[in-house]
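Below is one structure, written out as structure tokens; the observations come after it.
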Amino acid sequence: MQLRYSFRLYPSAGQRMALARAFGCARVVYNDALRVRETARAEGLPFPKAGDLSKLLITEAKKTPERAWLGEVSAVVLQQSLRDLDSAYRNFFDGLKDKRPRMGAPRFKSRRGNRQAVRFTANARWKITTGGDLALPKIGDVRVKWSRNLPSTPSTVTVIKDAAGRYFCSFVVETEAGEVLPEVMPEVGIDLGLSHFAVLSDGTKIESPRFLRRAEKKLKRAQQALSRKAKGSNNRNKARLRVARAHARVADARREFHQLSMKLIRENQAVAVEDLAVKGLARTRLAKSVHDAGWSAFVGMLEYKAARHGRTFVKIGRFEPTSQVCSQCGVKDGPKPLHVRVWTCGACGAVLDRDINAAVNVAKAAGLAVSACGARVRPGLVPAPREETGTHPKASRASGSQAGISVL
């Protein structure tokens with residue numbers, strides 16, 4: 001299993017200048033290679049190979065006055081930039097062949113991009129010093145804030161500068177299965193929503209944190225200040241950083257899902273969720289709330305933590321009618337408007353909480369042995385069976401729907 005570990009970097013003023021040169025050189029090589037390939041495509045010429053691009057845009061370019069400054073950074077960074085372009089094209093063509101989700105064609109990188117990154121492989125001879133610094137070629141020993149130990153020796157490191165001006169180093173390491181947690185009895189289904197972030201099949205409701213909504217006032221003021229600044233001015237750049245830092249605080253808050261996801265994995269042997277169509281919901285009037293909820297990040301955390309700790313993770317189809325089926329008797333009662341939070345089953349009379357009922361049905365659809373007792377808000381009256389069994393279709397359907405109902 002591959003895991004990514006990210007740590008905060010604190011480069012000095014000189015190291016920030018060296019990193020800026022590395023980011024700029026990598027961007028120029030990427031854009032030059034993209035320009036050469038797009039020109040060849042427009043003229044109907046063969047697609048240039050990576051080796052030819054490396055010789056033309058790195059080796060030969062360093063000998064020219066216009067690109068002599070490419071020699072000021074590690075050559076590995078420039079080679080990795082070409083590999084990144086190859087990956088972008090490969091992903092684009094695989095999307096056209098339906099081998100992966102579709103994505104746009106590679107685009108030119110901007111000097112004022114929101115995120116900049118360079119990657120150093122083992123060939124660059126980077127290392128972690130005995131003092132805990134990250135030694136990078138032609139940059140120096142950069143101070144790192146280590147929050148945990150790496151499980152194995154990484155072969156590559158990616159240095160990132162985000163939109164808020166913060167620096168990070170990212171390691172991708174191969175790890176074996178993590179600590180297999182002792183087996184426990186509970187199995188849980190999770191219904192994700194907007195009124196509550198998550199509702200569990202045992203009746204537990206987790207409030208929606210509403211990260212973006214809580215920060216909206218500060219973001220609004222920062223964005224208004226940015227819009228008033230003259231384009232290209234230093235004040236506009238400072239205002240842009242303030243907006244980026246406000247967004248970064250929201251993104252950092254969403255990472256608190258790690259605590260909730262780990263708690264669910266520790267306390268349950270199996271976890272089931274619904275495969276939500278986030279892209280479809282993002283085109284509705286609920287788009288802002290959907291993006292603010294961060295469901296995809298949370299589900300991704302559950303999935304990899306379950307695999308790492310020996311738990312079962314199940315994702316059911318998005319077309320399962322979890323909100324329409326009574327978890328007590330299994331009768332489909334039909335769709336309900338969103339404002340209906342509690343409803344009564346027309347077959348067995350159970351009074352059901354919409355979200356808890358859906359969570360129980362998620363667990364049942366995944367084949368988990370959960371108790372449905374949490375779905376009932378209060379006991380409902382079970383309709384008495386009809387005495388007459390006439391031949392009228394409605395009469396026969398009514399009597400048949402009660403045949404398998406047992407009184408709790």
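Ordering of the structure tokens sets the chain letters (A, B, ...); residue numbers start at 1 within each chain; ligands are numbered from 1 in the order shown.
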- Message: I want to know what sits within 9 Å of segment 251-265 of chain A, based on only C-alpha atoms, with residues of the same chain fewer than 5 positions away left out; could you give that as a list in words?
- Response: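 Those residues are Leu181, Val188, Pro209, Phe211, Leu212, Ala246, Ala270, Val271, Ala293, Gly294, Ala297, Phe298, Val299, Met301, Leu302, Lys305, Ala306, His309 and Arg311 of chain A.
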Near Ser327 of chain A, within 7 Å and counting only C-alpha atoms, which residues show up once chain neighbours fewer than 3 positions away are dropped, as a PDB file with all heavy atoms, in the first residue's frame?
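Dumped to around.pdb:
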```pdb
ATOM      1  N   GLY A 330     -39.385  -3.525   5.207  1.00  0.00           N
ATOM      2  CA  GLY A 330     -38.821  -3.670   3.878  1.00  0.00           C
ATOM      3  C   GLY A 330     -39.706  -3.225   2.746  1.00  0.00           C
ATOM      4  O   GLY A 330     -39.364  -3.431   1.576  1.00  0.00           O
ATOM      5  N   ASN A 357     -33.202   5.827   9.292  1.00  0.00           N
ATOM      6  CA  ASN A 357     -33.762   4.762   8.462  1.00  0.00           C
ATOM      7  C   ASN A 357     -32.873   4.505   7.245  1.00  0.00           C
ATOM      8  O   ASN A 357     -32.601   3.355   6.882  1.00  0.00           O
ATOM      9  CB  ASN A 357     -35.170   5.156   8.017  1.00  0.00           C
ATOM     10  CG  ASN A 357     -35.812   4.119   7.123  1.00  0.00           C
ATOM     11  OD1 ASN A 357     -36.194   3.046   7.561  1.00  0.00           O
ATOM     12  ND2 ASN A 357     -35.914   4.432   5.823  1.00  0.00           N
ATOM     13  N   VAL A 360     -29.674   2.626   8.293  1.00  0.00           N
ATOM     14  CA  VAL A 360     -29.931   1.199   8.508  1.00  0.00           C
ATOM     15  C   VAL A 360     -30.043   0.480   7.160  1.00  0.00           C
ATOM     16  O   VAL A 360     -29.507  -0.625   6.971  1.00  0.00           O
ATOM     17  CB  VAL A 360     -31.208   1.008   9.347  1.00  0.00           C
ATOM     18  CG1 VAL A 360     -31.581  -0.475   9.441  1.00  0.00           C
ATOM     19  CG2 VAL A 360     -31.022   1.591  10.735  1.00  0.00           C
ATOM     20  N   ASN A 361     -30.733   1.090   6.204  1.00  0.00           N
ATOM     21  CA  ASN A 361     -30.871   0.465   4.886  1.00  0.00           C
ATOM     22  C   ASN A 361     -29.534   0.395   4.148  1.00  0.00           C
ATOM     23  O   ASN A 361     -29.295  -0.531   3.370  1.00  0.00           O
ATOM     24  CB  ASN A 361     -31.887   1.244   4.052  1.00  0.00           C
ATOM     25  CG  ASN A 361     -33.318   0.982   4.499  1.00  0.00           C
ATOM     26  OD1 ASN A 361     -33.629  -0.099   4.993  1.00  0.00           O
ATOM     27  ND2 ASN A 361     -34.179   1.975   4.352  1.00  0.00           N
ATOM     28  N   ALA A 372     -31.996  -2.870  13.468  1.00  0.00           N
ATOM     29  CA  ALA A 372     -32.819  -1.796  12.913  1.00  0.00           C
ATOM     30  C   ALA A 372     -33.554  -1.022  13.992  1.00  0.00           C
ATOM     31  O   ALA A 372     -34.370  -0.171  13.689  1.00  0.00           O
ATOM     32  CB  ALA A 372     -33.828  -2.374  11.927  1.00  0.00           C
TER      33      ALA A 372
END
```
- Query: Quick one: of A:Ser152, A:Arg228, A:Cys329, A:Ile206, who's nearest to Thr344 of chain A, counting only C-alpha atoms?
  - Reply: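 Using only C-alpha atoms, Thr344 of chain A sits closest to A:Cys329.
Take the candidates A:Ala358, A:Leu150, A:Leu194, A:Ala22 and check each one against Glu207 of chain A using only C-alpha atoms; the shortest distance goes to A:Leu194.
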- Excluding same-chain residues fewer than 2 positions from Leu192 of chain A, what lies within 10 Å of it counting only C-alpha atoms, as a PyMOL selection string? chain A and resi 189-190+194-200+206+208+273-276+293+295+298-299+355+358-359
